[in-house]
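> Compact mmCIF, C-alpha atoms, saved as query.txt, coming up:
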```txt
# COMPACT_ATOMS: atom_id res chain seq x y z
CA MET A 1 278.49 100.08 -65.66
CA LEU A 2 277.01 99.95 -69.09
CA THR A 3 276.76 96.34 -70.22
CA LYS A 4 277.12 95.05 -73.75
CA ASN A 5 273.34 95.12 -73.94
CA GLY A 6 273.47 98.77 -72.98
CA LYS A 7 276.03 99.48 -75.67
CA ALA A 8 273.89 97.65 -78.19
CA VAL A 9 270.97 99.87 -77.21
CA LEU A 10 273.08 102.97 -77.78
CA LYS A 11 274.17 101.61 -81.13
CA TYR A 12 270.55 100.97 -81.95
CA MET A 13 269.65 104.55 -81.02
CA SER A 14 272.24 105.77 -83.53
CA GLY A 15 270.65 103.69 -86.29
CA ASN A 16 268.76 105.14 -89.19
CA GLY A 17 265.01 104.73 -88.89
CA TYR A 18 263.05 102.03 -87.13
CA GLY A 19 263.92 99.06 -89.31
CA ILE A 20 266.61 97.77 -87.01
CA SER A 21 267.41 94.21 -85.96
CA TRP A 22 269.94 93.35 -83.29
CA THR A 23 270.75 90.73 -80.66
CA LEU A 24 270.79 91.12 -76.89
CA LYS A 25 271.59 88.62 -74.14
CA SER A 26 268.66 88.03 -71.83
CA THR A 27 268.85 87.55 -68.07
CA ALA A 28 268.39 83.85 -68.82
CA GLY A 29 271.70 83.91 -70.72
CA SER A 30 270.14 83.47 -74.13
CA ASP A 31 271.02 85.49 -77.20
CA VAL A 32 267.72 86.92 -78.34
CA ALA A 33 267.23 88.57 -81.72
CA ASN A 34 265.14 91.73 -81.54
CA SER A 35 263.72 93.84 -84.29
CA VAL A 36 261.93 97.14 -84.34
CA SER A 37 260.20 98.27 -87.49
CA THR A 38 257.72 100.90 -86.34
CA ALA A 39 257.71 103.92 -84.11
CA ALA A 40 255.20 102.20 -81.85
CA GLN A 41 257.52 99.23 -81.35
CA ARG A 42 260.38 101.58 -80.62
CA GLY A 43 258.22 103.27 -78.00
CA ASN A 44 257.33 99.95 -76.48
CA PHE A 45 261.00 98.99 -76.29
CA PHE A 46 262.24 102.09 -74.52
CA GLY A 47 259.09 102.41 -72.47
CA ALA A 48 259.82 99.06 -70.86
CA LEU A 49 262.76 100.25 -68.76
CA SER A 50 262.78 99.00 -65.19
CA MET A 51 265.06 98.35 -62.21
CA MET A 52 266.02 95.28 -60.22
CA VAL A 53 268.11 95.00 -57.08
CA GLY A 54 270.16 92.24 -55.55
CA SER A 55 272.65 91.29 -52.88
CA GLY A 56 275.66 90.39 -55.02
CA THR A 57 279.01 92.04 -54.39
CA THR A 58 281.04 90.96 -57.41
CA ALA A 59 282.39 93.90 -59.37
CA PRO A 60 280.38 94.54 -62.51
CA THR A 61 281.69 93.83 -65.99
CA LYS A 62 280.36 94.73 -69.39
CA ASP A 63 279.61 91.04 -69.96
CA ASP A 64 277.07 90.90 -67.12
CA TYR A 65 273.60 89.89 -68.27
CA ASN A 66 271.96 89.39 -64.88
CA LEU A 67 272.37 90.36 -61.26
CA GLU A 68 274.52 88.09 -59.16
CA THR A 69 271.75 87.44 -56.61
CA VAL A 70 268.34 88.90 -57.35
CA GLU A 71 266.43 90.22 -54.34
CA SER A 72 262.68 90.07 -54.89
CA GLY A 73 261.42 90.54 -51.33
CA LEU A 74 261.11 94.34 -51.47
CA THR A 75 257.91 96.17 -52.34
CA VAL A 76 258.03 98.74 -55.13
CA VAL A 77 256.47 101.96 -53.87
CA SER A 78 256.98 104.09 -56.98
CA SER A 79 259.15 104.48 -60.08
CA SER A 80 260.11 107.35 -62.33
CA SER A 81 262.37 107.95 -65.29
CA THR A 82 263.52 110.78 -67.53
CA ILE A 83 262.80 108.87 -70.74
CA SER A 84 260.91 111.26 -72.97
CA ASN A 85 260.11 111.83 -76.60
CA ALA A 86 261.41 115.38 -76.17
CA PRO A 87 264.42 115.36 -73.83
CA SER A 88 265.73 118.71 -72.72
CA TYR A 89 269.00 120.02 -74.09
CA THR A 90 270.00 121.00 -70.58
CA GLN A 91 269.64 117.40 -69.39
CA ASP A 92 273.33 116.59 -69.13
CA TYR A 93 272.94 112.83 -69.05
CA ILE A 94 271.35 110.14 -71.16
CA LEU A 95 268.72 108.92 -68.77
CA ASN A 96 267.89 108.54 -65.12
CA TYR A 97 265.71 105.94 -63.49
CA SER A 98 264.63 106.01 -59.84
CA ARG A 99 262.65 103.52 -57.83
CA THR A 100 261.49 103.61 -54.23
CA TYR A 101 261.50 100.34 -52.31
CA LYS A 102 259.93 99.40 -49.00
CA ASN A 103 260.74 96.45 -46.85
CA SER A 104 257.27 95.15 -46.08
CA THR A 105 258.56 91.94 -44.58
CA ALA A 106 259.30 91.18 -40.95
CA SER A 107 263.02 90.61 -41.58
CA PRO A 108 265.91 92.88 -42.63
CA ILE A 109 266.83 92.79 -46.32
CA THR A 110 270.29 93.80 -47.53
CA ILE A 111 270.91 95.04 -51.07
CA SER A 112 274.21 95.86 -52.74
CA GLU A 113 273.70 95.69 -56.49
CA VAL A 114 271.34 97.27 -58.95
CA ALA A 115 270.57 96.91 -62.63
CA LEU A 116 268.46 98.72 -65.17
CA TYR A 117 266.81 96.42 -67.63
CA ILE A 118 264.42 96.46 -70.55
CA SER A 119 261.55 94.01 -70.81
CA TYR A 120 260.67 93.19 -74.39
CA ASN A 121 258.84 90.25 -75.91
CA SER A 122 258.84 88.37 -72.60
CA ASN A 123 262.61 88.75 -72.11
CA ASN A 124 264.58 90.96 -69.73
CA PHE A 125 267.79 92.62 -70.92
CA ILE A 126 270.12 94.25 -68.41
CA ILE A 127 271.66 97.43 -69.80
CA THR A 128 273.52 98.50 -66.62
CA ARG A 129 274.82 96.77 -63.49
CA ASP A 130 276.45 98.45 -60.50
CA ILE A 131 277.36 97.52 -56.94
CA PHE A 132 277.34 99.80 -53.92
CA THR A 133 278.07 99.68 -50.22
CA PRO A 134 275.52 97.22 -48.81
CA VAL A 135 272.43 98.83 -47.35
CA THR A 136 270.14 96.95 -44.98
CA LEU A 137 266.47 97.86 -45.06
CA GLN A 138 264.88 97.15 -41.73
CA PRO A 139 261.18 96.20 -41.68
CA ASP A 140 259.02 99.14 -42.90
CA GLU A 141 262.03 101.19 -43.97
CA VAL A 142 261.87 102.93 -47.37
CA TYR A 143 264.77 103.77 -49.68
CA THR A 144 265.00 105.40 -53.09
CA LEU A 145 267.56 104.02 -55.50
CA SER A 146 268.59 106.07 -58.52
CA VAL A 147 270.70 105.11 -61.54
CA THR A 148 271.93 107.69 -64.02
CA ILE A 149 273.52 106.91 -67.36
CA GLY A 150 275.55 109.91 -68.42
CA MET B 1 334.54 118.39 -77.34
CA GLY B 2 334.49 117.17 -80.87
CA ILE B 3 331.76 117.92 -83.30
CA MET B 4 328.11 117.36 -82.42
CA LYS B 5 325.39 116.95 -84.96
CA LEU B 6 321.61 116.78 -84.62
CA ASN B 7 319.95 114.99 -87.51
CA GLY B 8 323.26 115.31 -89.28
CA ILE B 9 323.33 119.08 -88.90
CA ASP B 10 326.29 120.63 -87.10
CA TYR B 11 325.56 121.98 -83.65
CA PRO B 12 326.23 124.74 -83.19
CA ASP B 13 325.29 125.66 -86.72
CA ASN B 14 327.17 128.77 -87.58
CA SER B 15 326.27 128.69 -91.21
CA GLY B 16 323.84 131.56 -90.86
CA GLY B 17 325.78 133.83 -88.57
CA GLY B 18 329.20 134.86 -87.52
CA GLY B 19 330.98 136.10 -84.50
CA GLY B 20 330.67 132.82 -82.68
CA THR B 21 326.93 133.17 -82.15
CA THR B 22 325.29 129.82 -81.46
CA VAL B 23 322.53 129.25 -83.94
CA ILE B 24 320.27 126.23 -84.21
CA ALA B 25 318.69 126.00 -87.58
CA ASN B 26 314.96 126.38 -87.58
CA PRO B 27 313.16 123.18 -88.37
CA ALA B 28 311.64 122.77 -91.76
CA ASP B 29 308.16 124.20 -91.84
CA PRO B 30 306.09 122.24 -92.57
CA PRO B 31 306.43 119.53 -91.46
CA THR B 32 307.79 119.84 -87.95
CA GLN B 33 311.23 118.34 -87.81
CA THR B 34 311.74 115.31 -85.60
CA LEU B 35 315.04 114.64 -83.82
CA ASN B 36 316.20 111.25 -85.00
CA THR B 37 319.99 111.14 -84.51
CA ILE B 38 322.62 112.72 -82.32
CA GLN B 39 326.23 112.54 -83.44
CA ILE B 40 329.05 113.23 -80.99
CA GLY B 41 332.44 113.02 -82.55
CA SER B 42 332.35 110.15 -84.97
CA THR B 43 329.65 108.22 -83.12
CA VAL B 44 326.04 108.51 -84.30
CA TYR B 45 323.35 107.73 -81.75
CA GLU B 46 319.98 106.81 -83.19
CA LEU B 47 317.01 107.57 -80.97
CA PRO B 48 314.80 104.56 -80.25
CA THR B 49 311.77 105.80 -82.13
CA SER B 50 313.64 107.50 -84.91
CA GLY B 51 313.06 106.91 -88.55
CA ASN B 52 310.28 107.93 -90.87
CA GLY B 53 309.69 110.99 -88.77
CA THR B 54 307.98 109.02 -86.03
CA PRO B 55 307.28 111.42 -83.17
CA LEU B 56 308.69 110.55 -79.76
CA VAL B 57 305.40 111.37 -78.08
CA GLN B 58 302.15 110.26 -79.58
CA ILE B 59 298.92 111.94 -78.61
CA ARG B 60 296.44 109.31 -77.58
CA GLY B 61 293.28 109.34 -79.57
CA ALA B 62 289.97 110.18 -78.02
CA ARG B 63 288.22 107.28 -76.42
CA PRO B 64 285.15 105.90 -78.12
CA THR B 65 281.98 107.49 -76.89
CA GLU B 66 280.65 104.23 -75.52
CA ASP B 67 283.58 103.84 -73.14
CA ALA B 68 283.11 107.36 -71.89
CA VAL B 69 279.56 106.65 -70.82
CA SER B 70 279.33 105.85 -67.12
CA THR B 71 276.65 105.10 -64.56
CA THR B 72 276.07 106.72 -61.21
CA VAL B 73 274.11 105.11 -58.38
CA THR B 74 272.64 106.85 -55.36
CA ILE B 75 270.58 105.37 -52.56
CA THR B 76 268.85 107.44 -49.91
CA GLN B 77 266.51 106.64 -47.10
CA VAL B 78 263.09 108.21 -47.46
```
Go ahead and express the file in the form of structure tokens.


Amino acid sequence: MLTKNGKAVLKYMSGNGYGISWTLKSTAGSDVANSVSTAAQRGNFFGALSMMVGSGTTAPTKDDYNLETVESGLTVVSSSSTISNAPSYTQDYILNYSRTYKNSTASPITISEVALYISYNSNNFIITRDIFTPVTLQPDEVYTLSVTIG
Amino acid sequence: MGIMKLNGIDYPDNSGGGGGTTVIANPADPPTQTLNTIQIGSTVYELPTSGNGTPLVQIRGARPTEDAVSTTVTITQV
């Protein structure tokens, strides 16, 4: 589900030029004013997309600004996204982000929620949050999680 | 049955034809005529949404683009 932060990002993308200021709610629950005035800053903003996973099961709402229970015990193997300065016309979605996780611990780890977020000026802003049927990663197991906004 | 009128117009409306042919007057064009009242005998029934040409069925507007945007999640074991 696209959060209010995510909607704000879309509204920002529809703005005219780079001289845009807007407010997002960080994962800490704080309203943070952001501004972008150059193409480089814009690139930094959208280039800072990432993914986090958790074990929460509460249905997402557009007011979510953090995961319910962040899971930080998994190892990130690789990440990829479709964010590009020249997206293809045939790409029938806004963006896709995938990340491969490995359970490098000695204990099973269960995940059931995922969020895409943007890191900017030392703050994290969740733009999507979704839940899914819980998946338990046994030690050394590897899973790829993919989120598409479209 | 006594007289019946739709929007005050006799039904059947034989004003444009003879020989007992049932004729319903074409609605004004434009705009499309909306049925507001039905009169049977001396009683006039006013439809709930009648008046000012309010249509009985309103076409819902398109949803804002933001609400149409959705997310899809997949998870697969490698």

> Which residues of chain A are close to chain B, meaning at most 12 Å apart when you count only C-alpha atoms, and how do they look as a PyMOL selection string?

chain A and resi 1-11+14+51+53+60+62+77+92-103+111-116+127-138+140-150

> For atom CA of Ser122 of chain A and atom CA of Glu68 of chain A, quote the distance in Å rounded to one decimal.

20.7 Å

> List as an MDAnalysis selection string: which residues have an atom within 6 Å of (318.1, 110.6, -88.6), counting all atoms listed in the file?

chainID B and resid 7 36:37

> Nearest residue to Pro108 of chain A out of A:Gln91, A:Ser78, A:Ile83, A:Gly73, using all atoms listed in the file?

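Once distances to Pro108 of chain A are computed over all atoms listed in the file, the minimum belongs to A:Gly73.
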
> So what do you get for atom CA of Ile118 of chain A versus atom CA of Ala40 of chain A, distance-wise?

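One can read the atom CA of Ile118 of chain A to atom CA of Ala40 of chain A distance as 15.7 Å.
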
> For Asn34 of chain A, which residue among A:Ser21, A:Ser79, A:Phe125, A:Tyr12 is the nearest when counting all atoms listed in the file?

A:Ser21

> Quick one: segment 125-136 of chain A with all heavy atoms, as an mmCIF file, keeping the file's coordinate frame?


```
data_model
loop_
_atom_site.group_PDB
_atom_site.id
_atom_site.type_symbol
_atom_site.label_atom_id
_atom_site.label_comp_id
_atom_site.auth_asym_id
_atom_site.auth_seq_id
_atom_site.Cartn_x
_atom_site.Cartn_y
_atom_site.Cartn_z
ATOM 1 N N PHE A 125 266.429 92.355 -70.461
ATOM 2 C CA PHE A 125 267.790 92.620 -70.920
ATOM 3 C C PHE A 125 268.422 93.680 -70.027
ATOM 4 O O PHE A 125 267.980 94.846 -70.020
ATOM 5 C CB PHE A 125 267.789 93.094 -72.376
ATOM 6 C CG PHE A 125 267.075 92.170 -73.316
ATOM 7 C CD1 PHE A 125 265.797 92.469 -73.767
ATOM 8 C CD2 PHE A 125 267.669 90.985 -73.747
ATOM 9 C CE1 PHE A 125 265.123 91.627 -74.636
ATOM 10 C CE2 PHE A 125 267.008 90.137 -74.611
ATOM 11 C CZ PHE A 125 265.729 90.445 -75.052
ATOM 12 N N ILE A 126 269.446 93.297 -69.289
ATOM 13 C CA ILE A 126 270.120 94.250 -68.410
ATOM 14 C C ILE A 126 271.013 95.173 -69.235
ATOM 15 O O ILE A 126 271.829 94.709 -70.028
ATOM 16 C CB ILE A 126 270.962 93.487 -67.356
ATOM 17 C CG1 ILE A 126 270.054 92.985 -66.240
ATOM 18 C CG2 ILE A 126 272.053 94.377 -66.790
ATOM 19 C CD1 ILE A 126 270.786 92.264 -65.149
ATOM 20 N N ILE A 127 270.821 96.472 -69.059
ATOM 21 C CA ILE A 127 271.660 97.430 -69.800
ATOM 22 C C ILE A 127 272.700 98.081 -68.883
ATOM 23 O O ILE A 127 273.665 98.650 -69.369
ATOM 24 C CB ILE A 127 270.811 98.503 -70.496
ATOM 25 C CG1 ILE A 127 270.010 99.331 -69.488
ATOM 26 C CG2 ILE A 127 269.870 97.857 -71.517
ATOM 27 C CD1 ILE A 127 269.302 100.525 -70.129
ATOM 28 N N THR A 128 272.497 98.029 -67.557
ATOM 29 C CA THR A 128 273.520 98.500 -66.620
ATOM 30 C C THR A 128 273.552 97.556 -65.413
ATOM 31 O O THR A 128 272.538 96.928 -65.083
ATOM 32 C CB THR A 128 273.253 99.925 -66.081
ATOM 33 O OG1 THR A 128 272.130 99.892 -65.194
ATOM 34 C CG2 THR A 128 272.986 100.899 -67.206
ATOM 35 N N ARG A 129 274.716 97.467 -64.781
ATOM 36 C CA ARG A 129 274.820 96.770 -63.490
ATOM 37 C C ARG A 129 275.874 97.487 -62.660
ATOM 38 O O ARG A 129 276.976 97.778 -63.155
ATOM 39 C CB ARG A 129 275.197 95.298 -63.644
ATOM 40 C CG ARG A 129 275.389 94.617 -62.278
ATOM 41 C CD ARG A 129 275.690 93.122 -62.341
ATOM 42 N NE ARG A 129 275.930 92.609 -60.991
ATOM 43 C CZ ARG A 129 277.142 92.463 -60.457
ATOM 44 N NH1 ARG A 129 278.226 92.723 -61.173
ATOM 45 N NH2 ARG A 129 277.280 92.041 -59.213
ATOM 46 N N ASP A 130 275.529 97.779 -61.419
ATOM 47 C CA ASP A 130 276.450 98.450 -60.500
ATOM 48 C C ASP A 130 276.325 97.832 -59.120
ATOM 49 O O ASP A 130 275.277 97.280 -58.762
ATOM 50 C CB ASP A 130 276.139 99.952 -60.412
ATOM 51 C CG ASP A 130 276.461 100.689 -61.700
ATOM 52 O OD1 ASP A 130 277.644 101.049 -61.891
ATOM 53 O OD2 ASP A 130 275.542 100.880 -62.512
ATOM 54 N N ILE A 131 277.399 97.926 -58.348
ATOM 55 C CA ILE A 131 277.360 97.520 -56.940
ATOM 56 C C ILE A 131 277.584 98.763 -56.092
ATOM 57 O O ILE A 131 278.101 99.781 -56.571
ATOM 58 C CB ILE A 131 278.411 96.448 -56.605
ATOM 59 C CG1 ILE A 131 279.821 96.967 -56.872
ATOM 60 C CG2 ILE A 131 278.152 95.171 -57.377
ATOM 61 C CD1 ILE A 131 280.920 96.018 -56.390
ATOM 62 N N PHE A 132 277.162 98.684 -54.850
ATOM 63 C CA PHE A 132 277.340 99.800 -53.920
ATOM 64 C C PHE A 132 277.498 99.240 -52.519
ATOM 65 O O PHE A 132 277.279 98.031 -52.292
ATOM 66 C CB PHE A 132 276.155 100.779 -53.996
ATOM 67 C CG PHE A 132 274.805 100.120 -53.874
ATOM 68 C CD1 PHE A 132 274.204 99.922 -52.641
ATOM 69 C CD2 PHE A 132 274.127 99.672 -54.999
ATOM 70 C CE1 PHE A 132 272.972 99.307 -52.530
ATOM 71 C CE2 PHE A 132 272.884 99.056 -54.904
ATOM 72 C CZ PHE A 132 272.302 98.872 -53.671
ATOM 73 N N THR A 133 277.911 100.098 -51.605
ATOM 74 C CA THR A 133 278.070 99.680 -50.220
ATOM 75 C C THR A 133 276.754 99.087 -49.724
ATOM 76 O O THR A 133 275.704 99.730 -49.850
ATOM 77 C CB THR A 133 278.472 100.862 -49.338
ATOM 78 O OG1 THR A 133 279.666 101.436 -49.854
ATOM 79 C CG2 THR A 133 278.696 100.410 -47.905
ATOM 80 N N PRO A 134 276.780 97.866 -49.200
ATOM 81 C CA PRO A 134 275.520 97.220 -48.810
ATOM 82 C C PRO A 134 274.681 98.092 -47.870
ATOM 83 O O PRO A 134 275.191 98.733 -46.957
ATOM 84 C CB PRO A 134 276.006 95.949 -48.097
ATOM 85 C CG PRO A 134 277.339 95.667 -48.710
ATOM 86 C CD PRO A 134 277.949 97.005 -48.966
ATOM 87 N N VAL A 135 273.402 98.087 -48.161
ATOM 88 C CA VAL A 135 272.430 98.830 -47.350
ATOM 89 C C VAL A 135 271.385 97.832 -46.859
ATOM 90 O O VAL A 135 270.827 97.075 -47.655
ATOM 91 C CB VAL A 135 271.759 99.945 -48.153
ATOM 92 C CG1 VAL A 135 270.624 100.589 -47.353
ATOM 93 C CG2 VAL A 135 272.780 100.993 -48.561
ATOM 94 N N THR A 136 271.139 97.854 -45.557
ATOM 95 C CA THR A 136 270.140 96.950 -44.980
ATOM 96 C C THR A 136 268.854 97.705 -44.687
ATOM 97 O O THR A 136 268.864 98.706 -43.958
ATOM 98 C CB THR A 136 270.674 96.309 -43.688
ATOM 99 O OG1 THR A 136 271.852 95.551 -43.997
ATOM 100 C CG2 THR A 136 269.629 95.396 -43.063
#
```
